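Enquirer: Please see the structure below; I have some questions.
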Amino acid sequence: MSNTSPGFVKVLGRTDVLALAFGAMIGFGWIVLTGDFVDAAGSGGAALAFVIGGVVMAFVGLTYAELVSAMPHAGGEHHYAMRAIGPKGAFVASWAMVLGYVSVVAFEAVAVPQTLVYLFPNIEVGHLWTVAGYDVHASLVAIGVLSAVAMTALNYVGIRPASVFQGVTVLFLLAAGAAMLTGAFVGGSTANMEPLFTGGASGMFVVLVAVPFLFVGFDVIPQSASEIRLPYRLVGSLLVVSVFCATAWYVMVMLTAGAGLPSSDLLGSELASADSMAAMWDSAAMGNLLVLGGVAGLLTSWNAFLIGGSRLIYAMARSRMLPSWFGELHPRFRTPANAVLFIGALSVLAPLFGRPMLVWLVNAGGLNIVIAYLMVIVCFLVLRRREPEMERPFRVRAGTPVGVTAFVLAFGLFLLYLPGMPAALSWPNEWGMVLAWWLGGAALMWRLPRVSPGPDAEERLIDLMDSRDARRRTPTP
């Protein structure tokens, strides 16, 4: 049985693909975290950190671009690792990225109601409980849950409605960004940006550690590859272009927000970019416009990661790594409906934990995203050496040097999460999430048989798993 994602509908064009990836990368961090970034590194330092982070992601993106053009199947990393390093390697890469995707989706479910507090300060009613010193209110939980249900329903009924929603919302996001950039020239001041650089290397580390979480999204393109109706070479090119677009966006936000308010005011703000926008235009309405742009960013990334995460879970189930229930396509909508429902259910639970969950999800998810990136880079290098003649419509020049550079840079990001580093994960909240996820993963991976890598590794794995299940169902005489 071949896992080539039969039944998916190829409807995504050039604009759809670019909107999907760019919208995935531009979530809400640029609204709420800007003050922390500018305070830690200065507006110039934060912008430079995003340039460095963009370069790291561009190298990683190049490895993805070549692999997606060679293996354009739903599930992305899952197929690359299956062919390069075998089923257990594929499980590690996929399991790590699933946590990254789920963490983003859960982040959005918490962030949407928190954002609306800025526009409607009196909506926090009905105290439920307190998590890590933060009061959770019934009104915000209700908004988060209803938003999660709506986004899940949108993705359940088909890729076309989801992609149309993505395109329209990205256009609004770009309009809000254009207003912010214009505001920097209308009411911004270079004096507010002084000093441009603060905090030295440790300050830039504060920004860099958020890069995996803020830039994750270009990899949604490989997840939805079975639904793209474009030449495979162009798909790889669009993936790289999306990374450069996201880099330009984050650099613009750091510089324009710094021009609007001094770093001390940005740090004290709940939504720093929005307050900077209001100051530059001398208009609270313009600040609210940017908040709505932030909501648009939330929805585009939420939508994209529901698409990407559900396709990755679907691919794992088709390979018998997860229960077959996750590998079923809806007979009418041609979506991995059960996988969509599963991720949607997790996002419904997230608002119950309130705002502290935001930071935990950023860091725990970011670490696992970097692990998945490292696995993909290894796959890129292994396949370059083992299968030099494999068809690669998008072929990276100087492939091995690019792959080695990508690995070194991504490994540098990985180190930032470890104990003793400036941006180490906290215990028990963040490390507890990571350990619980991998303990569950270890139990699932333990049952996988030993299968060597190769082009037919998935078929051999499926045959072995089906044979094992058949033996278990056969009664002993």
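Going by the structure tokens order, chains are called A, B, ..., each with residues numbered from 1, while ligands are numbered from 1 in the order shown.
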List the spatial neighbours of Arg450 of chain A as a ChimeraX atom specification - criterion: any atom at most 12 Å away, only C-alpha atoms, same-chain residues fewer than 4 positions off excluded.
Expert: /A:85-89,445-446,457-458,460-462,464-465
Enquirer: Hey, could you make a per-residue contact list for segment 359-432 of chain A against segment 55-73 of chain A with 12 Å as the cut-off, showing the nearest pair of atoms and its distance in Å to one decimal, counting only C-alpha atoms, sorted by chain and number, as JSON lines?
Expert:
```
{"residue": "A:Ile369", "atom": "CA", "partner": "A:Met57", "partner_atom": "CA", "distance": 11.6}
{"residue": "A:Val370", "atom": "CA", "partner": "A:Val60", "partner_atom": "CA", "distance": 10.0}
{"residue": "A:Ile371", "atom": "CA", "partner": "A:Val60", "partner_atom": "CA", "distance": 12.0}
{"residue": "A:Ala372", "atom": "CA", "partner": "A:Val60", "partner_atom": "CA", "distance": 10.7}
{"residue": "A:Tyr373", "atom": "CA", "partner": "A:Val60", "partner_atom": "CA", "distance": 6.9}
{"residue": "A:Leu374", "atom": "CA", "partner": "A:Val60", "partner_atom": "CA", "distance": 8.5}
{"residue": "A:Met375", "atom": "CA", "partner": "A:Val60", "partner_atom": "CA", "distance": 10.6}
{"residue": "A:Val376", "atom": "CA", "partner": "A:Tyr64", "partner_atom": "CA", "distance": 7.3}
{"residue": "A:Ile377", "atom": "CA", "partner": "A:Thr63", "partner_atom": "CA", "distance": 6.2}
{"residue": "A:Val378", "atom": "CA", "partner": "A:Thr63", "partner_atom": "CA", "distance": 9.4}
{"residue": "A:Cys379", "atom": "CA", "partner": "A:Leu67", "partner_atom": "CA", "distance": 8.8}
{"residue": "A:Phe380", "atom": "CA", "partner": "A:Thr63", "partner_atom": "CA", "distance": 6.0}
{"residue": "A:Leu381", "atom": "CA", "partner": "A:Thr63", "partner_atom": "CA", "distance": 8.7}
{"residue": "A:Val382", "atom": "CA", "partner": "A:Thr63", "partner_atom": "CA", "distance": 11.5}
{"residue": "A:Leu383", "atom": "CA", "partner": "A:Leu67", "partner_atom": "CA", "distance": 9.3}
{"residue": "A:Arg384", "atom": "CA", "partner": "A:Leu67", "partner_atom": "CA", "distance": 10.2}
{"residue": "A:Glu387", "atom": "CA", "partner": "A:Ala70", "partner_atom": "CA", "distance": 11.5}
{"residue": "A:Pro388", "atom": "CA", "partner": "A:Ala70", "partner_atom": "CA", "distance": 11.9}
{"residue": "A:Glu389", "atom": "CA", "partner": "A:Ala70", "partner_atom": "CA", "distance": 11.1}
{"residue": "A:Met390", "atom": "CA", "partner": "A:Ala70", "partner_atom": "CA", "distance": 7.6}
{"residue": "A:Glu391", "atom": "CA", "partner": "A:Ala70", "partner_atom": "CA", "distance": 6.0}
{"residue": "A:Arg392", "atom": "CA", "partner": "A:Ala70", "partner_atom": "CA", "distance": 4.8}
{"residue": "A:Pro393", "atom": "CA", "partner": "A:Ser69", "partner_atom": "CA", "distance": 5.6}
{"residue": "A:Phe394", "atom": "CA", "partner": "A:Glu66", "partner_atom": "CA", "distance": 5.0}
{"residue": "A:Arg395", "atom": "CA", "partner": "A:Glu66", "partner_atom": "CA", "distance": 5.5}
{"residue": "A:Val396", "atom": "CA", "partner": "A:Glu66", "partner_atom": "CA", "distance": 6.4}
{"residue": "A:Arg397", "atom": "CA", "partner": "A:Leu62", "partner_atom": "CA", "distance": 9.7}
{"residue": "A:Ala398", "atom": "CA", "partner": "A:Leu62", "partner_atom": "CA", "distance": 11.0}
{"residue": "A:Gly399", "atom": "CA", "partner": "A:Thr63", "partner_atom": "CA", "distance": 8.3}
{"residue": "A:Thr400", "atom": "CA", "partner": "A:Thr63", "partner_atom": "CA", "distance": 9.9}
{"residue": "A:Pro401", "atom": "CA", "partner": "A:Phe59", "partner_atom": "CA", "distance": 10.2}
{"residue": "A:Val402", "atom": "CA", "partner": "A:Phe59", "partner_atom": "CA", "distance": 6.6}
{"residue": "A:Gly403", "atom": "CA", "partner": "A:Thr63", "partner_atom": "CA", "distance": 6.7}
{"residue": "A:Val404", "atom": "CA", "partner": "A:Phe59", "partner_atom": "CA", "distance": 9.5}
{"residue": "A:Thr405", "atom": "CA", "partner": "A:Phe59", "partner_atom": "CA", "distance": 7.3}
{"residue": "A:Ala406", "atom": "CA", "partner": "A:Phe59", "partner_atom": "CA", "distance": 5.0}
{"residue": "A:Phe407", "atom": "CA", "partner": "A:Val60", "partner_atom": "CA", "distance": 7.8}
{"residue": "A:Val408", "atom": "CA", "partner": "A:Val56", "partner_atom": "CA", "distance": 9.3}
{"residue": "A:Leu409", "atom": "CA", "partner": "A:Val56", "partner_atom": "CA", "distance": 5.9}
{"residue": "A:Ala410", "atom": "CA", "partner": "A:Val56", "partner_atom": "CA", "distance": 6.7}
{"residue": "A:Phe411", "atom": "CA", "partner": "A:Val56", "partner_atom": "CA", "distance": 10.2}
{"residue": "A:Gly412", "atom": "CA", "partner": "A:Val56", "partner_atom": "CA", "distance": 9.6}
{"residue": "A:Leu413", "atom": "CA", "partner": "A:Val56", "partner_atom": "CA", "distance": 8.9}
{"residue": "A:Phe414", "atom": "CA", "partner": "A:Val56", "partner_atom": "CA", "distance": 12.0}
```
Enquirer: Report, in Å with one decimal, the straight-line distance from atom CA of Val9 of chain A to atom CA of Ser324 of chain A.
Expert: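 Straight-line distance from atom CA of Val9 of chain A to atom CA of Ser324 of chain A works out to 20.6 Å.
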Enquirer: Name all residues at most 7 Å from Gly144 of chain A (count only C-alpha atoms; drop same-chain ones fewer than 5 positions away) and give them as a list in words.
Expert: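 The neighbour list is Ala109, Val110, Val112, Pro113 and Pro351 of chain A.
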Enquirer: If we count only C-alpha atoms, what is near segment 240-253 of chain A at a cut-off of 8 Å, once residues fewer than 3 positions away on the same chain are taken out, given as a PDB file with C-alpha atoms, in the first residue's frame?
Expert:
```
ATOM      1  CA  LEU A  18       2.594  31.986  -0.481  1.00  0.00           C
ATOM      2  CA  ALA A  21       3.330  30.004   4.429  1.00  0.00           C
ATOM      3  CA  PHE A  22       3.642  33.755   5.069  1.00  0.00           C
ATOM      4  CA  MET A  25       4.847  32.686  10.082  1.00  0.00           C
ATOM      5  CA  ILE A  26       3.180  35.996  10.960  1.00  0.00           C
ATOM      6  CA  TRP A  30       5.042  40.686  16.589  1.00  0.00           C
ATOM      7  CA  THR A  34       8.013  43.410  20.584  1.00  0.00           C
ATOM      8  CA  ALA A  46      16.238  43.111  17.649  1.00  0.00           C
ATOM      9  CA  ALA A  47      16.069  43.822  13.914  1.00  0.00           C
ATOM     10  CA  LEU A  48      19.578  42.398  13.451  1.00  0.00           C
ATOM     11  CA  PHE A  50      15.723  38.728  13.091  1.00  0.00           C
ATOM     12  CA  VAL A  51      18.030  39.122  10.111  1.00  0.00           C
ATOM     13  CA  GLY A  53      17.290  34.300  12.432  1.00  0.00           C
ATOM     14  CA  GLY A  54      16.009  34.779   8.883  1.00  0.00           C
ATOM     15  CA  MET A  57      15.695  29.788   8.535  1.00  0.00           C
ATOM     16  CA  ALA A  58      16.637  30.440   4.894  1.00  0.00           C
ATOM     17  CA  GLY A  61      14.269  26.380   4.129  1.00  0.00           C
ATOM     18  CA  LEU A  62      16.585  25.523   1.244  1.00  0.00           C
ATOM     19  CA  ALA A  65      12.663  23.280  -0.716  1.00  0.00           C
ATOM     20  CA  MET A 180       2.469  50.854  10.629  1.00  0.00           C
ATOM     21  CA  LEU A 181       5.309  51.474   8.193  1.00  0.00           C
ATOM     22  CA  PHE A 215       9.275  31.544  11.806  1.00  0.00           C
ATOM     23  CA  PHE A 218       7.219  27.706   5.791  1.00  0.00           C
ATOM     24  CA  GLY A 236      10.467  24.945  -3.613  1.00  0.00           C
ATOM     25  CA  SER A 237      11.100  28.517  -4.750  1.00  0.00           C
ATOM     26  CA  THR A 256       8.906  50.953  13.311  1.00  0.00           C
ATOM     27  CA  ALA A 257       7.803  50.044  16.842  1.00  0.00           C
ATOM     28  CA  SER A 273       3.366  47.344  18.600  1.00  0.00           C
TER      29      SER A 273
END
```
Enquirer: Choose the residue, out of A:Pro231, A:Gly187, A:Gly158, A:Pro449, that has the smallest atom-to-atom separation from Val340 of chain A; count only C-alpha atoms.
Expert: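 That would be A:Gly158, the residue with the smallest distance to Val340 of chain A.
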Enquirer: Which residues come within 6 Å of segment 302-319 of chain A, counting only C-alpha atoms, excluding same-chain residues fewer than 2 positions away, as a list in words?
Expert: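 Selected residues are Leu20, Ala24, Ala74, Gly75, Val98, Tyr101, Val105, Val220, Gln223, Leu298, Leu299, Thr300, Met321, Leu322, Pro323, Ser324, Phe326, Gly327, Ala339, Val340 and Ile462 of chain A.
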Enquirer: Just asking: which residues within segment 171-385 of chain A are helix (DSSP H, G or I) according to DSSP, as number ranges by chain?
Expert: A: 171-187, 190-193, 200-208, 211-215, 220-223, 225-227, 232-260, 263-267, 272-281, 284-318, 324-327, 337-353, 356-385
Enquirer: With only C-alpha atoms as the counted atoms, please give the residues lying no more than 7 Å from Glu77 of chain A, apart from itself and same-chain residues fewer than 2 positions off, as an NGL selection string.
Expert: :A and (75 or 79-81 or 93-94 or 376)
